[in-house]
file structure-v1.cif (mmCIF, C-alpha atoms)
data_final
loop_
_atom_site.label_atom_id
_atom_site.label_comp_id
_atom_site.auth_asym_id
_atom_site.auth_seq_id
_atom_site.Cartn_x
_atom_site.Cartn_y
_atom_site.Cartn_z
CA MET A 11 60.94 2.44 -27.71
CA ILE A 12 60.41 5.60 -29.76
CA ASN A 13 57.79 5.55 -32.49
CA LEU A 14 59.57 6.53 -35.70
CA ASP A 15 56.60 6.68 -38.06
CA VAL A 16 53.57 8.96 -38.23
CA ASP A 17 50.53 6.93 -39.26
CA ASP A 18 48.39 9.47 -41.10
CA LEU A 19 45.30 7.24 -41.06
CA LYS A 20 45.47 6.87 -37.28
CA LEU A 21 45.84 10.62 -36.95
CA TYR A 22 42.89 11.20 -39.29
CA ILE A 23 40.59 9.06 -37.15
CA GLY A 24 41.73 10.96 -34.04
CA ASP A 25 44.35 8.72 -32.44
CA ASP A 26 47.01 10.30 -30.25
CA PHE A 27 50.62 10.49 -31.42
CA ILE A 28 52.70 8.13 -29.28
CA ILE A 29 56.31 9.23 -28.84
CA ASN A 30 57.32 6.60 -26.26
CA ASP A 31 56.02 4.99 -23.08
CA SER A 32 56.04 8.25 -21.11
CA ILE A 33 55.26 10.87 -23.77
CA LYS A 34 52.33 11.17 -26.15
CA VAL A 35 50.73 14.11 -27.92
CA LEU A 36 46.96 14.18 -27.53
CA GLN A 37 44.85 15.24 -30.47
CA PRO A 38 42.15 17.62 -29.23
CA THR A 39 38.77 18.04 -30.86
CA ILE A 40 37.41 21.41 -31.94
CA ARG A 41 35.08 21.24 -28.94
CA LYS A 42 37.96 20.75 -26.47
CA ILE A 43 39.90 23.65 -27.99
CA ALA A 44 36.85 25.91 -27.66
CA GLU A 45 36.38 24.85 -24.03
CA PHE A 46 40.07 25.32 -23.25
CA GLY A 47 40.24 28.65 -25.06
CA GLU A 48 41.47 28.98 -28.62
CA ARG A 49 43.89 31.80 -27.84
CA ASP A 50 45.49 29.89 -24.96
CA PHE A 51 45.64 26.72 -27.05
CA PHE A 52 47.55 28.30 -29.91
CA SER A 53 49.79 30.13 -27.43
CA VAL A 54 50.92 26.73 -26.11
CA VAL A 55 51.38 25.33 -29.61
CA HIS A 56 53.53 28.27 -30.70
CA THR A 57 55.56 28.18 -27.48
CA VAL A 58 56.42 24.49 -27.86
CA THR A 59 57.24 24.84 -31.58
CA ALA A 60 59.03 28.20 -31.31
CA ILE A 61 62.45 28.69 -32.90
CA PRO A 62 64.99 31.38 -31.95
CA SER A 63 64.00 33.51 -34.96
CA ASP A 64 60.53 33.84 -33.39
CA MET A 65 62.02 35.43 -30.26
CA LYS A 66 64.77 37.66 -31.57
CA SER A 67 64.18 40.66 -29.31
CA GLN A 68 63.47 38.64 -26.15
CA LEU A 69 66.69 36.67 -26.56
CA TRP A 70 68.63 39.83 -27.39
CA ASP A 71 67.40 41.45 -24.16
CA MET A 72 68.73 38.39 -22.31
CA GLY A 73 72.14 38.98 -23.84
CA LEU A 74 71.75 36.20 -26.42
CA ASP A 75 72.12 36.37 -30.18
CA TRP A 76 69.21 34.36 -31.60
CA MET A 77 71.42 33.13 -34.44
CA LYS A 78 73.70 31.39 -31.91
CA VAL A 79 70.88 29.62 -30.08
CA ASP A 80 69.60 26.33 -31.49
CA ASP A 81 65.97 25.20 -31.35
CA PHE A 82 66.44 22.66 -28.56
CA GLU A 83 68.31 25.19 -26.40
CA LEU A 84 65.37 27.57 -26.73
CA PHE A 85 62.95 24.78 -25.84
CA MET A 86 64.96 24.07 -22.68
CA MET A 87 64.51 27.72 -21.68
CA LEU A 88 60.79 27.76 -22.42
CA ALA A 89 60.03 24.38 -20.80
CA GLN A 90 59.97 26.01 -17.35
CA THR A 91 56.85 27.99 -18.39
CA LEU A 92 54.98 24.91 -19.65
CA THR A 93 52.96 23.80 -16.65
CA PRO A 94 50.22 21.13 -16.96
CA ASP A 95 47.42 23.72 -16.71
CA ARG A 96 48.77 25.14 -19.99
CA THR A 97 49.83 21.96 -21.77
CA GLY A 98 47.33 19.37 -20.48
CA ILE A 99 45.14 19.65 -23.57
CA LEU A 100 48.09 18.38 -25.65
CA PHE A 101 50.27 16.41 -23.25
CA GLY A 102 48.01 15.23 -20.44
CA ASP A 103 49.79 15.00 -17.07
CA LEU A 104 53.27 15.56 -18.49
CA ASP A 105 54.85 18.45 -16.59
CA PHE A 106 57.51 20.15 -18.68
CA SER A 107 58.26 22.59 -15.87
CA LYS A 108 59.77 19.73 -13.83
CA LEU A 109 62.30 18.91 -16.53
CA ARG A 110 65.88 19.83 -15.72
CA PRO A 111 68.98 19.76 -17.94
CA PHE A 112 71.39 16.86 -17.49
CA ARG A 113 74.36 15.64 -19.44
CA ASN A 114 73.85 12.30 -21.10
CA LYS A 115 76.89 10.25 -20.09
CA GLN A 116 76.54 8.01 -23.14
CA ASN A 117 77.01 10.72 -25.76
CA ASP A 118 77.77 13.86 -23.71
CA ASP A 119 74.63 15.63 -25.04
CA ILE A 120 72.49 17.85 -22.85
CA VAL A 121 68.98 16.42 -22.29
CA LEU A 122 65.94 17.42 -20.28
CA ALA A 123 64.81 14.93 -17.67
CA ASP A 124 62.35 14.50 -14.83
CA LYS A 125 64.08 11.67 -12.99
CA GLU A 126 61.32 11.32 -10.43
CA ASN A 127 58.75 10.46 -13.11
CA GLY A 128 61.12 8.82 -15.60
CA VAL A 129 60.63 11.39 -18.38
CA LEU A 130 63.47 12.27 -20.73
CA ILE A 131 63.47 14.58 -23.74
CA ASP A 132 66.56 14.68 -25.91
CA GLN A 133 67.12 16.39 -29.24
CA PHE A 134 65.54 13.50 -31.14
CA ILE A 135 62.39 13.26 -29.02
CA TYR A 136 62.00 17.04 -29.09
CA THR A 137 62.22 16.99 -32.89
CA ARG A 138 59.54 14.28 -33.07
CA ILE A 139 57.19 16.36 -30.90
CA VAL A 140 57.60 19.65 -32.73
CA ASN A 141 57.53 18.12 -36.21
CA TYR A 142 54.20 16.49 -35.40
CA LEU A 143 52.74 19.70 -33.96
CA ARG A 144 53.92 21.71 -36.94
CA LYS A 145 52.42 19.20 -39.34
CA LEU A 146 49.13 19.13 -37.44
CA HIS A 147 48.84 22.94 -37.27
CA ASN A 148 50.38 23.73 -40.66
CA ILE A 149 53.28 25.68 -39.11
CA THR A 150 56.33 26.36 -41.28
CA PRO A 151 59.25 27.71 -39.22
CA LYS A 152 60.83 30.85 -40.67
CA VAL A 153 64.56 30.94 -39.96
CA GLU A 154 66.05 34.44 -40.22
CA LYS A 155 69.80 35.00 -40.20
CA THR A 156 72.08 37.78 -41.34
CA LYS A 157 75.73 38.80 -41.18
CA SER A 158 74.88 42.48 -41.39
CA LYS A 159 74.79 44.39 -38.09
CA THR A 160 72.36 46.88 -39.64
CA VAL A 161 69.96 44.17 -40.79
CA LYS A 162 70.28 42.44 -37.41
CA LYS A 163 69.23 45.63 -35.62
CA TRP A 164 66.38 46.09 -38.07
CA LEU A 165 65.13 42.53 -37.49
CA ILE A 166 65.25 42.98 -33.71
CA ASP A 167 63.38 46.30 -33.90
CA GLU A 168 60.81 44.75 -36.23
CA ASP A 169 60.30 41.93 -33.74
CA ARG A 170 59.77 44.44 -30.91
CA ASN A 171 57.20 46.30 -32.99
CA ARG A 172 55.39 43.05 -33.82
CA ILE A 173 55.15 42.11 -30.14
CA GLN A 174 53.95 45.57 -29.16
CA ALA A 175 51.33 45.61 -31.91
CA SER A 176 50.02 42.18 -30.91
CA LYS A 177 49.47 43.40 -27.32
CA ASN A 178 46.99 46.03 -28.51
CA LYS A 179 45.39 43.85 -31.17
CA PRO A 180 42.04 42.25 -30.26
CA PHE A 181 41.93 38.49 -30.58
CA ARG A 182 40.21 37.16 -33.68
CA SER A 183 39.37 33.49 -33.97
CA TYR A 184 41.37 31.55 -36.51
CA LEU A 185 39.15 28.48 -36.29
CA LEU A 186 35.74 30.17 -36.53
CA PRO A 187 35.77 30.97 -40.27
CA LEU A 188 37.24 27.54 -41.00
CA ASN A 189 34.48 25.90 -38.92
CA SER A 190 31.83 27.87 -40.77
CA ALA A 191 33.36 27.11 -44.18
CA ILE A 192 33.70 23.37 -43.65
CA LYS A 193 30.18 23.10 -42.21
CA VAL A 194 28.60 24.91 -45.14
CA LYS A 195 30.81 23.49 -47.88
CA LEU A 196 30.76 19.83 -46.84
CA GLY A 197 27.34 19.79 -45.23
CA HIS A 198 28.61 18.78 -41.80
CA THR A 199 26.41 19.44 -38.80
CA LYS A 200 27.67 21.69 -36.02
CA ASP A 201 27.90 18.68 -33.67
CA TYR A 202 29.96 16.75 -36.21
CA VAL A 203 32.43 19.62 -36.67
CA ARG A 204 32.88 20.25 -32.96
CA ASN A 205 33.79 16.59 -32.43
CA MET A 206 36.34 16.46 -35.25
CA GLY A 207 40.00 15.99 -34.38
CA LEU A 208 42.32 18.69 -35.67
CA TYR A 209 44.01 16.41 -38.19
CA GLU A 210 40.68 15.43 -39.77
CA PHE A 211 39.48 19.04 -39.60
CA PHE A 212 42.43 20.50 -41.50
CA ASP A 213 42.56 17.53 -43.88
CA ASP A 214 38.90 18.00 -44.83
CA ILE A 215 39.47 21.70 -45.50
CA SER A 216 42.39 20.91 -47.79
CA ARG A 217 40.43 18.14 -49.51
CA ALA A 218 37.48 20.47 -50.16
CA GLN A 219 39.84 22.96 -51.83
CA ILE A 220 41.36 20.23 -54.01
CA ILE A 221 37.93 18.97 -55.07
CA ASP A 222 36.85 22.51 -56.00
CA HIS A 223 40.05 23.07 -57.98
CA ALA A 224 39.73 19.76 -59.85
CA ASN A 225 36.07 20.43 -60.66
CA HIS A 226 36.89 23.87 -62.04
CA LEU A 227 39.56 22.36 -64.27
CA LEU A 228 37.21 19.63 -65.51
CA ASN A 229 34.42 22.12 -66.19
CA GLY A 230 36.85 24.28 -68.12
CA ALA A 231 37.93 21.29 -70.18
CA TYR A 232 34.38 20.20 -70.99
CA CYS A 233 33.26 23.69 -71.92
CA GLY A 234 36.32 24.36 -74.06
CA MET A 235 36.88 27.62 -72.19
CA ALA A 236 40.41 26.87 -71.05
CA ASP A 237 43.59 25.41 -72.50
CA LEU A 238 44.54 22.73 -70.01
CA LYS A 239 47.34 21.04 -71.93
CA LYS A 240 49.98 22.44 -69.58
CA VAL A 241 48.07 21.60 -66.40
CA PRO A 242 49.66 18.60 -64.59
CA LYS A 243 47.40 15.55 -64.85
CA HIS A 244 47.42 14.91 -61.11
CA GLU A 245 45.55 18.19 -60.52
CA PHE A 246 42.46 16.62 -62.09
CA ASN A 247 42.53 13.86 -59.46
CA TRP A 248 40.70 15.09 -56.36
CA MET A 249 41.45 11.81 -54.54
CA ARG A 250 45.22 12.38 -54.66
CA GLU A 251 47.39 12.62 -51.59
CA LEU A 252 47.47 16.04 -49.98
#

call {"tool": "encode", "arguments": {"input": "structure-v1.cif", "output": "structure tokens"}}
result
Amino acid sequence: MINLDVDDLKLYIGDDFIINDSIKVLQPTIRKIAEFGERDFFSVVHTVTAIPSDMKSQLWDMGLDWMKVDDFELFMMLAQTLTPDRTGILFGDLDFSKLRPFRNKQNDDIVLADKENGVLIDQFIYTRIVNYLRKLHNITPKVEKTKSKTVKKWLIDEDRNRIQASKNKPFRSYLLPLNSAIKVKLGHTKDYVRNMGLYEFFDDISRAQIIDHANHLLNGAYCGMADLKKVPKHEFNWMREL
């Protein structure tokens, strides 16, 4: 049975995200990401959550218009590259590269399945996986479409240039400055931070920003240095939902 709800509290304390009996998304700690390799980790995350707009030039070179490819179709193409040595940190022993497309006789939809191990990923399960990963990593997909042939060519060329530039660009850690900031700001020890799950890690960063913002507003109100009549009341509440 597919889990329909995301329990934020369970995610905050580090629980894995259970999709069904054969698929779950593991929540790595900062330590595990560092040991695995931050660059490789985010490469996997962005591959699994990629949409056609992220791969305009690659699809075009394959003879495909990215605007005519849906997200699940792209995932079916990319699944062959997702071997356990790449995805184990997030999906354990699940081997995406063994998944093959089949037609679901019940609704005529195309699904991915590993019949030997009883794994099936349809559009719905895929959506559950990527929505969770996007939420966890604060990824907002950017869909780009156009009817103009000129704009289409420009978007494809821009994508080629982006890929070329990234090849020559040295890797810079995304997590390092966040680790440093949360350790200094919240007084966490290095050991505590390295053992935090990603959900807790990003949640604490957001919470620290909200607390700072609320305190600045309150200080402005007490000092009479700012007119706060138009500021929404909830912004003073640093315990509000993120």

call {"tool": "residues_around", "arguments": {"input": "structure-v1.cif", "residues": "region 174-189 of chain A", "least_positions_apart": "3", "cutoff": "9 Å", "atoms": "all atoms listed in the file", "output": "ChimeraX atom specification"}}
result
/A:40,48-49,169-171,192-194,200,203-204,211-212,215

call {"tool": "closest_residue", "arguments": {"input": "structure-v1.cif", "among": "A:Met77, A:Val55, A:Leu227, A:Ile131", "to": "Arg96 (chain A)", "atoms": "all atoms listed in the file"}}
result
A:Val55

call {"tool": "atom_distance", "arguments": {"input": "structure-v1.cif", "atom1": "CA of Trp70 (chain A)", "atom2": "CA of Lys163 (chain A)"}}
result
10.1 Å

call {"tool": "atom_distance", "arguments": {"input": "structure-v1.cif", "atom1": "CA of Trp164 (chain A)", "atom2": "CA of Thr91 (chain A)"}}
result
28.4 Å

call {"tool": "atom_distance", "arguments": {"input": "structure-v1.cif", "atom1": "CA of Asp214 (chain A)", "atom2": "CA of Thr59 (chain A)"}}
result
23.6 Å

call {"tool": "closest_residue", "arguments": {"input": "structure-v1.cif", "among": "A:Gln133, A:Ser107, A:Ser158, A:Asn148", "to": "Glu83 (chain A)", "atoms": "all atoms listed in the file"}}
result
A:Gln133

call {"tool": "closest_residue", "arguments": {"input": "structure-v1.cif", "among": "A:Asn114, A:Tyr142, A:Phe106, A:Arg172", "to": "Asp17 (chain A)", "atoms": "only C-alpha atoms"}}
result
A:Tyr142

call {"tool": "residues_around", "arguments": {"input": "structure-v1.cif", "residues": "Ile99 (chain A)", "least_positions_apart": "6", "cutoff": "10 Å", "atoms": "only C-alpha atoms", "output": "list in words"}}
result
Val35, Leu36, Gln37, Pro38, Thr39, Lys42, Ile43, Phe46, Phe51 and Val54 of chain A

call {"tool": "resolve_selection", "arguments": {"input": "structure-v1.cif", "expression": "the PyMOL selection byres ((chain A and resi 32) around 9)", "output": "list in words"}}
result
Ile28, Ile29, Asn30, Asp31, Ile33, Lys34, Leu104, Asn127, Gly128, Val129 and Leu130 of chain A

call {"tool": "resolve_selection", "arguments": {"input": "structure-v1.cif", "expression": "the PyMOL selection byres ((chain A and resi 121) around 9)", "output": "compact mmCIF listing (two decimals) with C-alpha atoms, in the frame of the given file"}}
result
# COMPACT_ATOMS: atom_id res chain seq x y z
CA MET A 86 64.96 24.07 -22.68
CA ARG A 110 65.88 19.83 -15.72
CA PRO A 111 68.98 19.76 -17.94
CA PHE A 112 71.39 16.86 -17.49
CA ARG A 113 74.36 15.64 -19.44
CA ASN A 114 73.85 12.30 -21.10
CA ASP A 119 74.63 15.63 -25.04
CA ILE A 120 72.49 17.85 -22.85
CA LEU A 122 65.94 17.42 -20.28
CA ALA A 123 64.81 14.93 -17.67
CA LEU A 130 63.47 12.27 -20.73
CA ILE A 131 63.47 14.58 -23.74
CA ASP A 132 66.56 14.68 -25.91
CA GLN A 133 67.12 16.39 -29.24

call {"tool": "residues_around", "arguments": {"input": "structure-v1.cif", "residues": "Val58 (chain A)", "least_positions_apart": "6", "cutoff": "8 Å", "atoms": "all atoms listed in the file", "output": "list in words"}}
result
Phe85, Leu88, Ala89 and Val140 of chain A

call {"tool": "closest_residue", "arguments": {"input": "structure-v1.cif", "among": "A:Lys157, A:Asp81, A:Phe101, A:Asn205", "to": "Leu143 (chain A)", "atoms": "all atoms listed in the file"}}
result
A:Phe101

call {"tool": "closest_residue", "arguments": {"input": "structure-v1.cif", "among": "A:Phe134, A:Ser190, A:Leu100, A:Asp222", "to": "Phe27 (chain A)", "atoms": "only C-alpha atoms"}}
result
A:Leu100

call {"tool": "resolve_selection", "arguments": {"input": "structure-v1.cif", "expression": "the PyMOL selection byres ((chain A and resi 166) around 12)", "output": "ChimeraX atom specification"}}
result
/A:62-71,74-77,154-156,159-165,167-173

call {"tool": "axis_aligned_box", "arguments": {"input": "structure-v1.cif", "around": "region 14-28 of chain A", "padding_each_side": "5 Å", "output": "JSON"}}
result
{"center_x": 50.1, "center_y": 8.9, "center_z": -35.2, "size_x": 29.0, "size_y": 14.7, "size_z": 21.8}
